[in-house]
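Trainee: Dropping in input_32.txt, which is compact mmCIF, C-alpha atoms and all ligand atoms:
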# COMPACT_ATOMS: atom_id res chain seq x y z
CA MET A 30 -2.32 61.55 -2.73
CA ASP A 31 1.24 60.70 -1.67
CA LYS A 32 0.80 57.01 -0.93
CA LEU A 33 -1.17 54.32 -2.71
CA GLU A 34 -1.65 50.65 -1.85
CA LEU A 35 -2.65 48.39 -4.71
CA LYS A 36 -3.40 44.72 -5.22
CA ALA A 37 -1.65 43.13 -8.20
CA LEU A 38 -3.67 40.00 -9.02
CA GLY A 39 -2.29 36.85 -10.64
CA LYS A 40 -3.78 34.95 -13.58
CA ILE A 41 -4.15 31.50 -15.03
CA ASN A 42 -4.61 30.56 -18.68
CA LEU A 43 -7.70 28.42 -19.16
CA GLY A 44 -6.61 27.97 -22.76
CA LEU A 45 -3.40 28.75 -24.61
CA ASP A 46 -2.94 28.15 -28.33
CA VAL A 47 -0.06 29.33 -30.51
CA LEU A 48 -1.00 30.16 -34.10
CA GLY A 49 2.35 31.22 -35.56
CA ARG A 50 5.72 32.83 -35.03
CA ARG A 51 6.61 36.42 -35.93
CA GLU A 52 9.96 37.56 -37.36
CA ASN A 53 10.93 39.17 -34.02
CA GLY A 54 10.53 35.82 -32.25
CA TYR A 55 7.20 36.64 -30.61
CA HIS A 56 4.26 34.29 -31.24
CA ASP A 57 0.67 34.90 -32.23
CA VAL A 58 -1.49 33.40 -29.53
CA ARG A 59 -5.14 32.71 -28.77
CA MET A 60 -5.57 32.49 -25.02
CA VAL A 61 -8.38 32.53 -22.48
CA MET A 62 -7.14 34.41 -19.42
CA GLN A 63 -8.64 34.34 -15.93
CA THR A 64 -7.71 36.55 -12.99
CA LEU A 65 -7.39 34.93 -9.54
CA TYR A 66 -7.84 36.53 -6.15
CA LEU A 67 -4.24 35.73 -5.28
CA TYR A 68 -2.17 38.87 -5.20
CA ASP A 69 0.99 40.83 -4.49
CA ASN A 70 0.65 44.06 -2.49
CA VAL A 71 2.20 46.99 -4.31
CA THR A 72 2.82 50.19 -2.35
CA LEU A 73 3.66 53.41 -4.17
CA GLN A 74 4.99 56.41 -2.30
CA LYS A 75 5.90 59.79 -3.72
CA LYS A 76 9.25 61.24 -2.68
CA SER A 77 10.59 64.71 -3.32
CA ALA A 78 14.03 63.60 -4.48
CA PRO A 79 13.93 62.33 -8.06
CA GLY A 80 14.56 58.66 -8.93
CA ILE A 81 12.99 55.25 -8.46
CA GLU A 82 13.58 53.15 -5.36
CA ILE A 83 12.27 49.60 -5.31
CA ASP A 84 12.41 46.74 -2.85
CA SER A 85 10.48 43.59 -2.03
CA ASN A 86 10.08 40.84 0.55
CA LEU A 87 11.99 38.41 -1.71
CA PHE A 88 15.79 38.70 -1.55
CA TYR A 89 16.27 37.17 -5.01
CA LEU A 90 14.17 39.68 -6.95
CA PRO A 91 16.01 42.55 -8.62
CA ASN A 92 15.94 45.86 -6.68
CA ASP A 93 16.91 47.91 -9.75
CA GLU A 94 16.08 48.55 -13.41
CA ASP A 95 15.77 44.79 -14.01
CA ASN A 96 12.55 44.74 -12.02
CA ILE A 97 9.60 45.10 -14.40
CA ALA A 98 7.81 47.35 -11.86
CA TRP A 99 10.83 49.71 -11.99
CA LYS A 100 10.57 49.75 -15.79
CA ALA A 101 6.88 50.66 -15.60
CA ALA A 102 7.65 53.65 -13.36
CA LYS A 103 10.53 54.75 -15.58
CA LEU A 104 8.34 54.67 -18.68
CA LEU A 105 5.83 57.13 -17.19
CA ILE A 106 8.46 59.34 -15.48
CA ASP A 107 10.24 59.83 -18.81
CA GLU A 108 7.15 60.33 -20.95
CA PHE A 109 5.48 62.81 -18.58
CA ASP A 110 8.65 64.42 -17.29
CA ILE A 111 7.61 63.70 -13.69
CA LYS A 112 9.89 65.61 -11.32
CA ASP A 113 9.03 63.77 -8.09
CA GLY A 114 10.64 60.46 -7.31
CA ILE A 115 8.82 57.26 -6.39
CA ARG A 116 9.36 54.46 -3.89
CA ILE A 117 7.88 51.07 -4.78
CA HIS A 118 7.51 48.23 -2.32
CA LEU A 119 6.43 44.78 -3.52
CA ASP A 120 5.05 42.29 -1.04
CA LYS A 121 5.06 39.19 -3.23
CA HIS A 122 2.68 36.24 -2.80
CA ILE A 123 2.13 35.20 -6.43
CA PRO A 124 4.70 32.47 -7.21
CA VAL A 125 7.64 33.86 -9.22
CA ALA A 126 8.59 32.63 -12.73
CA ALA A 127 5.53 30.44 -12.51
CA GLY A 128 3.24 31.24 -15.45
CA MET A 129 1.00 33.43 -13.28
CA ALA A 130 2.05 36.87 -14.56
CA GLY A 131 3.29 38.12 -11.18
CA GLY A 132 5.79 40.56 -12.69
CA SER A 133 3.37 41.70 -15.40
CA SER A 134 0.72 42.34 -12.77
CA ASN A 135 3.17 44.38 -10.64
CA ALA A 136 3.96 46.50 -13.73
CA ALA A 137 0.24 46.91 -14.45
CA ALA A 138 -0.34 48.09 -10.86
CA VAL A 139 2.46 50.66 -11.14
CA LEU A 140 1.04 52.05 -14.42
CA TYR A 141 -2.49 52.15 -13.02
CA GLY A 142 -1.39 53.65 -9.68
CA MET A 143 0.96 56.29 -11.08
CA ASN A 144 -1.73 57.39 -13.55
CA GLN A 145 -3.88 58.26 -10.50
CA MET A 146 -1.11 59.55 -8.24
CA PHE A 147 0.33 61.97 -10.79
CA ARG A 148 -3.04 62.73 -12.47
CA LEU A 149 -1.74 61.75 -15.89
CA GLY A 150 -5.23 61.39 -17.34
CA LEU A 151 -4.48 58.25 -19.35
CA SER A 152 -7.44 56.11 -20.41
CA GLN A 153 -7.34 52.35 -19.87
CA LYS A 154 -6.58 51.87 -23.58
CA GLU A 155 -3.69 54.35 -23.33
CA LEU A 156 -2.33 52.55 -20.25
CA MET A 157 -2.50 49.23 -22.11
CA GLU A 158 -0.64 50.69 -25.11
CA ARG A 159 2.19 51.58 -22.71
CA GLY A 160 1.88 48.22 -20.89
CA VAL A 161 2.59 46.10 -23.95
CA LYS A 162 5.98 47.79 -24.29
CA LEU A 163 6.89 46.15 -20.95
CA GLY A 164 5.47 42.68 -21.61
CA ALA A 165 2.82 40.85 -23.61
CA ASP A 166 0.69 40.04 -20.52
CA VAL A 167 0.72 43.56 -19.04
CA PRO A 168 -2.33 44.92 -20.96
CA TYR A 169 -4.38 41.97 -19.72
CA CYS A 170 -3.19 42.53 -16.15
CA ILE A 171 -4.49 46.10 -16.44
CA MET A 172 -7.90 44.91 -17.67
CA ARG A 173 -8.40 41.75 -15.51
CA GLY A 174 -11.33 39.31 -15.53
CA THR A 175 -12.18 36.59 -18.06
CA VAL A 176 -10.73 37.66 -21.38
CA LEU A 177 -9.80 36.32 -24.82
CA ALA A 178 -6.26 37.50 -25.62
CA GLU A 179 -4.98 37.46 -29.20
CA GLY A 180 -2.12 39.07 -31.14
CA ILE A 181 0.89 38.56 -28.87
CA GLY A 182 -1.55 38.73 -25.95
CA GLU A 183 -2.48 42.41 -26.20
CA LYS A 184 -5.67 42.21 -28.32
CA LEU A 185 -8.28 41.76 -25.64
CA THR A 186 -11.95 40.78 -25.87
CA PRO A 187 -13.96 40.59 -22.62
CA LEU A 188 -15.79 37.27 -22.12
CA PRO A 189 -18.66 36.12 -19.88
CA PRO A 190 -17.32 35.53 -16.35
CA MET A 191 -15.91 32.21 -15.20
CA PRO A 192 -18.70 30.35 -13.32
CA LYS A 193 -18.30 30.12 -9.53
CA CYS A 194 -15.62 27.58 -8.56
CA GLN A 195 -12.49 27.02 -6.48
CA ILE A 196 -9.03 27.01 -8.02
CA LEU A 197 -6.19 25.03 -6.51
CA ILE A 198 -2.73 26.28 -7.43
CA ALA A 199 0.44 24.22 -7.00
CA LYS A 200 3.88 25.42 -8.04
CA PRO A 201 6.65 22.83 -7.96
CA PRO A 202 10.04 24.17 -6.81
CA ILE A 203 11.42 24.92 -10.28
CA SER A 204 11.52 28.15 -12.29
CA VAL A 205 10.65 28.31 -15.95
CA SER A 206 11.80 30.87 -18.52
CA THR A 207 8.90 31.90 -20.77
CA LYS A 208 11.33 32.74 -23.59
CA MET A 209 12.89 29.28 -23.50
CA VAL A 210 9.53 27.53 -23.53
CA TYR A 211 8.37 29.47 -26.62
CA GLU A 212 11.73 28.78 -28.29
CA LYS A 213 11.48 25.05 -27.57
CA LEU A 214 7.98 25.03 -29.04
CA ASP A 215 9.47 26.25 -32.35
CA SER A 216 11.38 23.01 -32.72
CA CYS A 217 8.25 20.85 -32.23
CA GLU A 218 5.36 20.31 -34.57
CA ILE A 219 2.07 21.27 -32.94
CA LYS A 220 0.03 18.13 -33.58
CA GLU A 221 -3.02 19.02 -31.56
CA HIS A 222 -4.43 22.48 -30.94
CA PRO A 223 -6.41 23.12 -27.76
CA ASP A 224 -10.17 23.56 -27.97
CA ILE A 225 -10.31 27.31 -27.30
CA ASP A 226 -13.79 27.51 -28.88
CA GLY A 227 -14.97 24.84 -26.42
CA ILE A 228 -13.90 27.10 -23.53
CA LEU A 229 -15.65 30.09 -25.14
CA ASP A 230 -18.84 28.00 -25.54
CA GLY A 231 -18.60 26.79 -21.95
CA LEU A 232 -18.33 30.38 -20.73
CA LYS A 233 -21.25 31.47 -22.92
CA ASN A 234 -23.36 28.60 -21.52
CA GLN A 235 -22.05 29.25 -17.97
CA ASP A 236 -21.22 25.54 -17.90
CA LEU A 237 -18.28 24.92 -15.56
CA GLU A 238 -17.93 21.24 -16.59
CA GLN A 239 -17.68 22.25 -20.27
CA VAL A 240 -15.01 24.87 -19.49
CA ALA A 241 -13.04 22.37 -17.39
CA ALA A 242 -13.29 19.64 -20.04
CA SER A 243 -12.00 22.03 -22.73
CA LEU A 244 -8.83 23.24 -20.91
CA GLY A 245 -5.77 23.06 -23.15
CA ASN A 246 -2.30 24.58 -23.30
CA VAL A 247 0.02 24.02 -26.24
CA LEU A 248 3.06 24.93 -24.09
CA GLU A 249 2.31 22.20 -21.58
CA LYS A 250 3.99 19.39 -23.54
CA VAL A 251 7.22 21.40 -23.83
CA THR A 252 7.45 22.12 -20.10
CA VAL A 253 6.24 18.67 -18.98
CA GLU A 254 9.00 17.02 -21.01
CA ALA A 255 11.56 18.88 -18.91
CA TYR A 256 9.63 18.60 -15.64
CA PRO A 257 7.45 15.46 -15.32
CA VAL A 258 6.36 16.60 -11.84
CA ILE A 259 3.81 18.82 -13.64
CA ALA A 260 2.02 15.73 -14.99
CA GLN A 261 2.14 14.15 -11.53
CA ILE A 262 0.47 17.18 -9.93
CA LYS A 263 -2.24 17.16 -12.61
CA GLU A 264 -2.89 13.49 -11.99
CA CYS A 265 -3.03 14.02 -8.24
CA MET A 266 -5.58 16.85 -8.65
CA MET A 267 -7.74 14.83 -11.06
CA GLU A 268 -7.73 11.82 -8.73
CA ALA A 269 -8.75 14.15 -5.92
CA GLY A 270 -11.87 15.25 -7.81
CA ALA A 271 -10.82 18.19 -10.01
CA LEU A 272 -13.18 18.86 -12.93
CA GLY A 273 -10.05 19.70 -14.95
CA ALA A 274 -6.37 20.43 -14.27
CA MET A 275 -3.71 22.06 -16.41
CA MET A 276 -0.42 23.95 -16.46
CA SER A 277 -0.78 27.75 -16.50
CA GLY A 278 1.07 29.78 -19.16
CA SER A 279 4.65 28.64 -19.67
CA GLY A 280 4.49 26.86 -16.30
CA PRO A 281 5.40 25.24 -14.06
CA THR A 282 2.32 26.14 -11.94
CA VAL A 283 -0.55 23.66 -12.22
CA PHE A 284 -4.13 24.65 -11.43
CA GLY A 285 -7.14 22.47 -10.76
CA ILE A 286 -10.77 23.55 -11.07
CA PHE A 287 -13.07 22.36 -8.29
CA ARG A 288 -16.78 22.85 -7.89
CA ASP A 289 -16.68 23.16 -4.08
CA ARG A 290 -14.24 24.25 -1.41
CA ARG A 291 -14.31 20.98 0.54
CA THR A 292 -13.08 18.87 -2.39
CA ALA A 293 -10.50 21.51 -3.24
CA LYS A 294 -9.20 21.44 0.35
CA GLU A 295 -8.92 17.65 0.25
CA ALA A 296 -6.96 17.93 -3.00
CA PHE A 297 -4.71 20.56 -1.34
CA THR A 298 -3.90 18.05 1.42
CA LYS A 299 -3.15 15.28 -1.11
CA VAL A 300 -0.78 17.42 -3.23
CA LYS A 301 1.00 18.47 -0.04
CA ALA A 302 1.22 14.90 1.30
CA GLN A 303 2.79 13.68 -1.95
CA ASN A 304 5.42 16.43 -1.61
CA LEU A 305 4.89 17.48 -5.24
CA ALA A 306 4.87 21.22 -4.58
CA LYS A 307 5.78 23.59 -1.79
CA GLN A 308 3.74 26.59 -2.87
CA ILE A 309 0.10 25.48 -2.76
CA TYR A 310 -2.84 27.91 -2.59
CA LEU A 311 -6.60 27.87 -2.81
CA ALA A 312 -7.98 30.87 -4.67
CA ASN A 313 -11.26 32.26 -5.92
CA VAL A 314 -11.64 33.51 -9.45
CA HIS A 315 -11.83 37.30 -9.71
CA ASN A 316 -14.25 38.40 -12.39
CA VAL A 317 -14.26 42.17 -11.88
CA ARG A 318 -12.69 43.97 -14.83
CA ARG A 319 -10.94 47.31 -14.43
CA ARG A 320 -12.54 50.07 -16.47
C1 LIG B 401 3.13 32.42 -21.65
C2 LIG B 401 2.31 33.57 -21.15
C3 LIG B 401 0.83 33.20 -21.25
O1 LIG B 401 -0.01 34.14 -20.64
O2 LIG B 401 2.51 33.92 -19.80
P1 LIG B 401 3.56 33.50 -18.63
O3 LIG B 401 3.78 32.06 -18.65
O4 LIG B 401 4.83 34.26 -18.91
O5 LIG B 401 2.91 33.98 -17.36
C4 LIG B 401 2.53 34.85 -22.04
O6 LIG B 401 2.32 34.54 -23.39
C5 LIG B 401 3.90 35.46 -21.85
O7 LIG B 401 3.74 36.81 -21.59
P2 LIG B 401 4.92 37.71 -20.91
O8 LIG B 401 5.60 36.90 -19.86
O9 LIG B 401 4.32 39.01 -20.55
O10 LIG B 401 5.89 37.84 -22.14
P3 LIG B 401 7.06 38.89 -22.43
O11 LIG B 401 7.72 39.29 -21.16
O12 LIG B 401 6.56 39.94 -23.36
O13 LIG B 401 8.04 37.96 -23.27
C6 LIG B 401 8.92 37.00 -22.72
C7 LIG B 401 9.37 36.10 -23.86
O14 LIG B 401 8.30 35.20 -24.21
C8 LIG B 401 8.22 35.03 -25.61
N1 LIG B 401 6.87 35.39 -26.07
C9 LIG B 401 6.00 36.07 -25.26
C10 LIG B 401 4.72 36.35 -25.70
C11 LIG B 401 4.33 35.92 -26.99
N2 LIG B 401 3.11 36.16 -27.47
N3 LIG B 401 5.22 35.25 -27.78
C12 LIG B 401 6.47 34.96 -27.32
O15 LIG B 401 7.24 34.35 -28.04
C13 LIG B 401 9.31 35.89 -26.25
O16 LIG B 401 10.40 35.05 -26.49
C14 LIG B 401 9.68 36.86 -25.14
O17 LIG B 401 11.04 37.19 -25.20
N1 LIG B 402 8.24 42.43 -10.07
C1 LIG B 402 8.66 41.21 -10.41
N2 LIG B 402 8.03 40.12 -9.94
C2 LIG B 402 8.45 38.87 -10.30
N3 LIG B 402 9.49 38.64 -11.11
C3 LIG B 402 10.14 39.68 -11.62
C4 LIG B 402 9.76 41.01 -11.29
N4 LIG B 402 10.58 41.85 -11.97
C5 LIG B 402 11.42 41.09 -12.67
N5 LIG B 402 11.19 39.78 -12.46
C6 LIG B 402 11.90 38.66 -13.12
O1 LIG B 402 11.04 38.14 -14.14
C7 LIG B 402 11.04 36.72 -14.17
C8 LIG B 402 9.60 36.23 -14.49
O2 LIG B 402 8.81 36.51 -13.40
P1 LIG B 402 7.22 36.36 -13.30
O3 LIG B 402 6.56 37.56 -13.83
O4 LIG B 402 6.94 36.02 -11.88
O5 LIG B 402 6.93 35.07 -14.17
P2 LIG B 402 5.87 34.64 -15.27
O6 LIG B 402 6.09 35.51 -16.47
O7 LIG B 402 6.17 33.20 -15.54
O8 LIG B 402 4.51 34.79 -14.72
C9 LIG B 402 11.57 36.27 -12.81
O9 LIG B 402 12.52 35.27 -12.98
C10 LIG B 402 12.15 37.52 -12.16
O10 LIG B 402 13.55 37.43 -11.93
As structure tokens, please, write out the structure in this file.

Mentor:
Amino acid sequence: MDKLELKALGKINLGLDVLGRRENGYHDVRMVMQTLYLYDNVTLQKKSAPGIEIDSNLFYLPNDEDNIAWKAAKLLIDEFDIKDGIRIHLDKHIPVAAGMAGGSSNAAAVLYGMNQMFRLGLSQKELMERGVKLGADVPYCIMRGTVLAEGIGEKLTPLPPMPKCQILIAKPPISVSTKMVYEKLDSCEIKEHPDIDGILDGLKNQDLEQVAASLGNVLEKVTVEAYPVIAQIKECMMEAGALGAMMSGSGPTVFGIFRDRRTAKEAFTKVKAQNLAKQIYLANVHNVRRR
């Protein structure tokens, strides 16, 4: 197989708690992750000349070793002494620097795809061990689905699937650095921890209302302080009938959970009319895990 087309799916965090800080600056987390059917297309093509070529539909993304998808290819080429070269094309749709793991998911797709293309024979666990070297969210992006992520995000426990619903995504026109958000959190006292167990119970009971009522993200306060538009989008979604709304990851993307598509579409129109975000999408949850 000389060419492979893959879907790199984005995620939201239904819950994100930070339990402590490690000496290397990374944080111990307890997060509930959910994959969305909102994706970048990743095309891999073998080439006979050695080396990695990468490009994308977005002019501002790096076309070199700074791209996390490039790093994923390099890791496998070096470890397995792969003689062929590879061309990677990214057709991006997941908002960038948004808290939706777009880059991590691209890297996961490259690891997964190259494992097949070059018949490397790596198990999912072995792919995830390589993934975490590229970023804390990469192992989850390999696994997908509804998952409890602990450690720095790499200790994964599969959960019952998210009940059927519609997710509205709105990314205001600002970019957020994950590193800065975690650093800012270090200077605040965490007064209230999110109810991660409430989300786990809700999933166990397949109770969408309980899941939505238990959403919580300890990073939200940090990002909202800098960008109040996040709180405005949440309010707009709640007024429009969301069962719950919250910032994903380090932000600034906000998602709302809706029981039906009609209400979600009405909320879409309201967020757009208020000019709170330019990138607005309706997405289904994607509960199929990779094995
Ligand atoms: C916040 C979350 C929630 O899912 O996602 P995003 O908002 O980035 O999508 C993740 O914890 C982000 O994961 P990811 O974006 O893969 O992190 P990395 O590239 O490994 O790290 C970027 C920076 O975030 C900080 N970081 C990341 C993970 C973690 N458990 N503790 C941290 O302190 C570190 O400062 C690190 O330098
Ligand atoms: N393949 C990629 N897709 C998106 N961003 C990338 C990629 N490679 C490197 N980056 C850089 O990583 C940063 C974080 O991107 P992204 O993964 O979209 O955000 P997040 O971690 O918030 O989900 C961006 O500012 C971008 O410059």

Trainee: Return the single residue from A:His56, A:Lys154, A:Lys233, A:Lys208 that is closest to ligand LIG 402 (chain B), with distances computed using only C-alpha atoms and all ligand atoms.

Mentor: A:Lys208

Trainee: Residues contacting ligand LIG 401 (chain B) - anything with an atom at most 8 Å away, using all atoms listed in the file - can you give me those as an NGL selection string?

Mentor: :A and (40-42 or 45 or 50 or 54-58 or 60 or 62 or 126-131 or 133 or 161-167 or 180-182 or 206-212 or 248 or 277-280)

Trainee: Take every atom of segment 30-36 of chain A listed in the file, fit an axis-aligned box around them, add 4 Å per side, and give the centre and edge lengths in Å to one decimal as lines of an AutoDock Vina configuration file.

Mentor:
center_x = -1.1
center_y = 53.1
center_z = -3.1
size_x = 12.6
size_y = 24.8
size_z = 12.3

Trainee: Rounded to one decimal in Å, what is the spacing between atom CA of Arg116 of chain A and atom CA of Ala102 of chain A?

Mentor: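 Separation of atom CA of Arg116 of chain A and atom CA of Ala102 of chain A: 9.7 Å.
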
Trainee: Quick one: of A:Gly270, A:Pro202, A:Pro281, A:Pro223, who's nearest to ligand LIG 402 (chain B), counting only C-alpha atoms and all ligand atoms?

Mentor: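 For ligand LIG 402 (chain B), the nearest of the given residues is A:Pro281.
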
Trainee: Which residue gives the smallest distance to Gln63 of chain A among A:Lys36, A:Arg173, A:Lys213, A:Lys250, with only C-alpha atoms counted?

Mentor: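 Of A:Lys36, A:Arg173, A:Lys213, A:Lys250, the one nearest Gln63 of chain A, counting only C-alpha atoms, is A:Arg173.
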
Trainee: What does the distance from atom CA of Leu73 of chain A to atom CA of Ala178 of chain A come to in Å, to one decimal?

Mentor: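 If I compute the distance from atom CA of Leu73 of chain A to atom CA of Ala178 of chain A, I get 28.5 Å.
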
Trainee: Within 10 Å of segment 241-245 of chain A, counting all atoms listed in the file, which residues qualify if same-chain residues fewer than 2 places away don't, as a ChimeraX atom specification?

Mentor: /A:42-46,60-61,221-231,236-239,247-249,271-277,285-287

Trainee: Here is a test: counting only C-alpha atoms and all ligand atoms, which residue of A:Ile111, A:Cys194, A:Ala98, A:Leu65 is nearest to ligand LIG 402 (chain B)?

Mentor: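 Nearest to ligand LIG 402 (chain B): A:Ala98.
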
Trainee: Nearest to Arg291 of chain A: which of A:Leu149, A:Leu197, A:Val314, A:Ala260 is it, counting all atoms listed in the file?

Mentor: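 Nearest to Arg291 of chain A: A:Leu197.
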
Trainee: So how far away is atom CA of Gln153 of chain A from atom CA of Ile115 of chain A, in Å?

Mentor: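 A separation of 21.6 Å between them.
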
Trainee: Once you count only C-alpha atoms, which residues end up no further than 6 Å from (-1.6, 46.0, -5.3) in the file's frame, shown as a list in words?

Mentor: Glu34, Leu35, Lys36, Ala37, Asp69, Asn70 and Val71 of chain A

Trainee: Select, from A:Val125, A:Leu214, A:Leu87, A:Ala101, the residue with the minimum atom-to-atom distance to ligand LIG 402 (chain B), counting all atoms listed in the file.

Mentor: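 Among the listed residues, the smallest separation from ligand LIG 402 (chain B) belongs to A:Val125.
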
Trainee: Name the residues in contact with Asp31 of chain A at a cut-off of 8 Å, using all atoms listed in the file, excluding same-chain residues fewer than 4 positions from it; report them as a PyMOL selection string.

Mentor: chain A and resi 74-75+146

Trainee: The selected residues should be written to file as a PDB file, keeping the file's coordinate frame (atoms: C-alpha atoms).

Mentor:
ATOM      1  CA  GLN A  74       4.990  56.410  -2.300  1.00  0.00           C
ATOM      2  CA  LYS A  75       5.900  59.790  -3.720  1.00  0.00           C
ATOM      3  CA  MET A 146      -1.110  59.550  -8.240  1.00  0.00           C
TER       4      MET A 146
END

Trainee: Quick one: residues within 12 Å of Asn92 of chain A, all atoms listed in the file counted, chain neighbours fewer than 5 positions away excluded, as a list in words?

Mentor: Ile81, Glu82, Ile83, Asp84, Ser85, Asn86, Leu87, Ile97, Ala98, Trp99, Lys100, Arg116, Ile117, His118 and Leu119 of chain A

Trainee: Take the point (-11.6, 33.2, -9.3) as written in the file and pick out every residue within 9 Å of it, counting all atoms listed in the file; give the list as a PyMOL selection string.

Mentor: chain A and resi 63-67+174+191-196+312-316

Trainee: If you keep C-alpha atoms, can you produce a file of those selected residues as a compact mmCIF listing (two decimals), keeping the file's coordinate frame?

Mentor:
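File selection09.txt, as written:
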# COMPACT_ATOMS: atom_id res chain seq x y z
CA GLN A 63 -8.64 34.34 -15.93
CA THR A 64 -7.71 36.55 -12.99
CA LEU A 65 -7.39 34.93 -9.54
CA TYR A 66 -7.84 36.53 -6.15
CA LEU A 67 -4.24 35.73 -5.28
CA GLY A 174 -11.33 39.31 -15.53
CA MET A 191 -15.91 32.21 -15.20
CA PRO A 192 -18.70 30.35 -13.32
CA LYS A 193 -18.30 30.12 -9.53
CA CYS A 194 -15.62 27.58 -8.56
CA GLN A 195 -12.49 27.02 -6.48
CA ILE A 196 -9.03 27.01 -8.02
CA ALA A 312 -7.98 30.87 -4.67
CA ASN A 313 -11.26 32.26 -5.92
CA VAL A 314 -11.64 33.51 -9.45
CA HIS A 315 -11.83 37.30 -9.71
CA ASN A 316 -14.25 38.40 -12.39

Trainee: Using all atoms listed in the file, determine which residues lie at most 6 Å from Ile198 of chain A, disregarding the query and same-chain residues fewer than 6 positions distant; provide the list as JSON, numbers by chain.

Mentor: {"A": [283, 284, 309, 310]}
